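Following: one structure in structure tokens, then a few remarks.
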Amino acid sequence: MNYQFSNNVPASDEDPVGNILKVAGDPKVISFAGGLPAPELFPVEALKQATNDVFDESGRQALQYSIAAGDPKLREQIAQRMNRSGIKCDIDNIIITTGSQQSIDLTAKIFVNPGDTVIVEQPTYLCALDVFRSYGAHIVGVPMDDDGMQMDALEQAVQANPNTKFIYTIPSFQNPTGRTMPADRRQKMIEIAEKYNVMILEDDPYGAIRFAGDDVAPVKTFEHDERVIYMSTFSKILAPGLRIGWIVAEKTLVKKFILMKQTVDVHSDNLTQHIIAKYMAENDIDAHIAKIKAVYRKREGIMMAAIEKYFPKDAHYSHPEGGLFIWVEVPGVDTQTLFNTCIEHDVAFVPGEPFYADQVIPGTFRLNYSNMQEDQIVTGIERLGNAIKETIAQSVEV
Ligand SMILES: Cc1ncc(COP(=O)(O)O)c(C=O)c1O
């Protein structure tokens with residue numbers, strides 16, 4: 001059959017990142033490639049108890065169809081958390097989604113016509129790029145420094161693209177760089193968005209996992225006219241397999257999200273929503289998040305110390321104060337060649353290229369520290385350091 005696909009479908013079946021994760025999935029490989037939380041921290045017993053209690057107390061309701069906006073009890077708990085973070089909202093500002101990935105997709109579905117511009121950090125979360133591409137967006141990358149997206153470059157990008165629909169930002173412990181935008185930049189981003197009348201999509205899956213430094217308020221707390229769509233998820237603070245996230249937006253906008261979500265999946269898994277609401281009623285989720293932070297702080301520290309010991313001195317790397325990732329720049333190294341050498345050394349990472357919308361900065365790659373044990377981190381970074389030195393030596397010989 002000669003299938004006549006829509007324009008939303010990529011022409012190529014190539015999945016370079018999928019291939020990397022497949023190779024990195026070999027049990028003998030120490031993998032810093034995926035973005036996986038530490039599974040030993042999943043609160044299995046507490047979730048089991050919550051599940052039993054849901055079945056005992058409201059099984060029939062939890063197994064029934066429900067409303068697209070999501071379980072009111074869960075939305076109420078999320079609204080309380082959001083208000084504590086400085087985002088003023090009530091349950092009518094919130095819609096439950098099947099993870100932030102769906103939140104990004106629904107936002108693009110609602111706002112992006114083919115050819116519309118979406119402005120992103122350069123580099124950014126590659127699966128968001130895939131979503132924006134699938135809607136035919138014209139994606140414009142804005143360079144970053146150690147404090148995130150550069151505001152003068154952002155203003156130029158917005159000026160140069162009057163058809164910009166929104167700025168997509170991951171302001172805290174960004175994927176892939178681990179960088180965080182300070183408050184003055186967040187304020188400036190709002191000023192630019194207001195001046196040129198564009199929206200902001202604030203994707204915040206990692207903000208709650210701060211293990212060093214001081215909290216920075218979400219971009220949404222700086223707005224004056226509800227132009228920020230904020231999204232977060234239980235994936236990194238509870239477990240990603242639950243597939244539950246949320247959007248906070250202006251109430252009339254939430255109505256549009258509800259209509260579009262109904263066309264996609266009617267509503268997110270009702271049973272899982274009940275389980276999370278019950279888990280949060282029976283447990284202190286902040287105490288659980290504190291455990292995650294303690295483990296990630298330790299792993300990040302160990303990885304950073306190993307990087308300083310084993311990487312070449314001209315390597316540049318981010319110093320995350322939370323989240324899951326460190327971003328490395330090693331000038332002059334071809335990261336695909338490095339990746340192949342690393343696989344011979346049984347260690348893996350994700351090369352930087354797929355995270356860039358347009359101009360790729362060569363020699364960049366992402367390391368994840370949340371998913372490996374401490375001794376594996378040290379061994380893996382030593383192997384990676386050796387592979388970098390080997391790759392540099394080989395390129396000099398050629
Ligand atoms: C920046 C960013 N946004 C969204 C997601 C998707 O999260 P979810 O599991 O909630 O769909 C991820 C997952 O790693 C991410 O890093």
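Residue numbering restarts at 1 for every chain of the structure tokens, chains are lettered A, B, ... in their displayed order, and ligands are numbered from 1 as they appear.
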
*Considering only C-alpha atoms, return as number ranges by chain whatever protein or nucleic-acid residues lie within 10 Å of Lys109 in chain A, sequence-local ones (same chain, fewer than 3 positions apart) excluded.*
A: 103-106, 112-113, 131-132, 134-135, 257, 260-261

*asked:* Taking only C-alpha atoms and all ligand atoms and a cut-off of 8 Å, can you tell me which residues surround ligand 1, written as a ChimeraX atom specification?
replied: /A:35-36,98-104,124-125,127-128,170,174-176,203-206,232-236,240-241,243-245

*Select from range 93-151 of chain A everything DSSP, run on the backbone, classes as strand (DSSP E), then give the selection as number ranges by chain.*
A: 94-97, 117-122, 138-145, 148-149

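A straight line drawn from CA of Gln77 in chain A to CA of Met181 in chain A is 27.0 Å long.
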
*asked:* I need the helix (DSSP H, G or I) residues of range 55-88 of chain A per DSSP on the backbone, written as a VMD selection string.
replied: chain A and resid 55 to 62 72 to 84

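Distances to Ile87 in chain A were evaluated for A:Cys342, A:Ala217, A:Ala281, A:Met304 using only C-alpha atoms, and the minimum falls at A:Ala217.
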
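Pairwise distance (CA of Val118 in chain A, CA of Ala249 in chain A) equals 18.5 Å.
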
*Would you list the contacts of Cys89 in chain A as a list in words, taking every protein, DNA or RNA residue within 8 Å and counting only C-alpha atoms, but skipping same-chain residues closer than 6 positions in sequence?*
Ala79, Met82, Asn83 and Val248 of chain A

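Taking CA of Val140 in chain A and CA of Val17 in chain A as the two end points, the separation is 21.3 Å.
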
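Excluding Asp145 in chain A and any residue on its chain fewer than 3 positions from it, the residues at most 12 Å away by only C-alpha atoms are Glu121, Gln122, Pro123, Val142, Gly148, Met149, Gln150, Met151, Asp152, Ala153, Thr177, Gly178, Arg179, Thr180, Met181, Pro182, Arg185, His316, Tyr317, Ser318 and Trp327 of chain A.
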
Next, the residues of the selection above should be written as a PDB file, in the first residue's frame with C-alpha atoms.
ATOM      1  CA  GLU A 121      15.969  27.974  23.724  1.00  0.00           C
ATOM      2  CA  GLN A 122      18.976  26.783  21.785  1.00  0.00           C
ATOM      3  CA  PRO A 123      19.397  23.885  22.709  1.00  0.00           C
ATOM      4  CA  VAL A 142      17.673  31.720  20.701  1.00  0.00           C
ATOM      5  CA  GLY A 148      19.614  30.502  30.115  1.00  0.00           C
ATOM      6  CA  MET A 149      18.037  32.247  27.110  1.00  0.00           C
ATOM      7  CA  GLN A 150      19.706  35.575  26.252  1.00  0.00           C
ATOM      8  CA  MET A 151      17.140  38.357  26.367  1.00  0.00           C
ATOM      9  CA  ASP A 152      18.650  40.708  23.755  1.00  0.00           C
ATOM     10  CA  ALA A 153      18.727  37.801  21.285  1.00  0.00           C
ATOM     11  CA  THR A 177      21.533  22.032  29.800  1.00  0.00           C
ATOM     12  CA  GLY A 178      20.579  21.990  33.506  1.00  0.00           C
ATOM     13  CA  ARG A 179      20.682  25.818  33.399  1.00  0.00           C
ATOM     14  CA  THR A 180      18.304  28.088  35.317  1.00  0.00           C
ATOM     15  CA  MET A 181      17.121  31.572  34.337  1.00  0.00           C
ATOM     16  CA  PRO A 182      17.489  34.099  37.178  1.00  0.00           C
ATOM     17  CA  ARG A 185      15.663  37.444  33.067  1.00  0.00           C
ATOM     18  CA  HIS A 316      33.035  23.552  29.759  1.00  0.00           C
ATOM     19  CA  TYR A 317      30.073  22.227  31.721  1.00  0.00           C
ATOM     20  CA  SER A 318      26.949  23.527  33.443  1.00  0.00           C
ATOM     21  CA  TRP A 327      25.575  19.845  29.702  1.00  0.00           C
TER      22      TRP A 327
END

Sorted by chain and rising residue number, list the residues of range 207-256 of chain A at most 8 Å from range 286-303 of chain A (counting only C-alpha atoms), each with its closest atom pair and distance in Å to one decimal, as CSV.
residue,atom,partner,partner_atom,distance
A:Ala208,CA,A:Ile289,CA,7.7
A:Ile209,CA,A:Lys293,CA,5.8
A:Arg210,CA,A:Lys293,CA,6.7
A:Phe211,CA,A:Lys293,CA,5.3
A:Ala212,CA,A:Arg297,CA,7.7
A:Ile237,CA,A:Ile289,CA,6.0
A:Leu238,CA,A:Ile289,CA,8.0
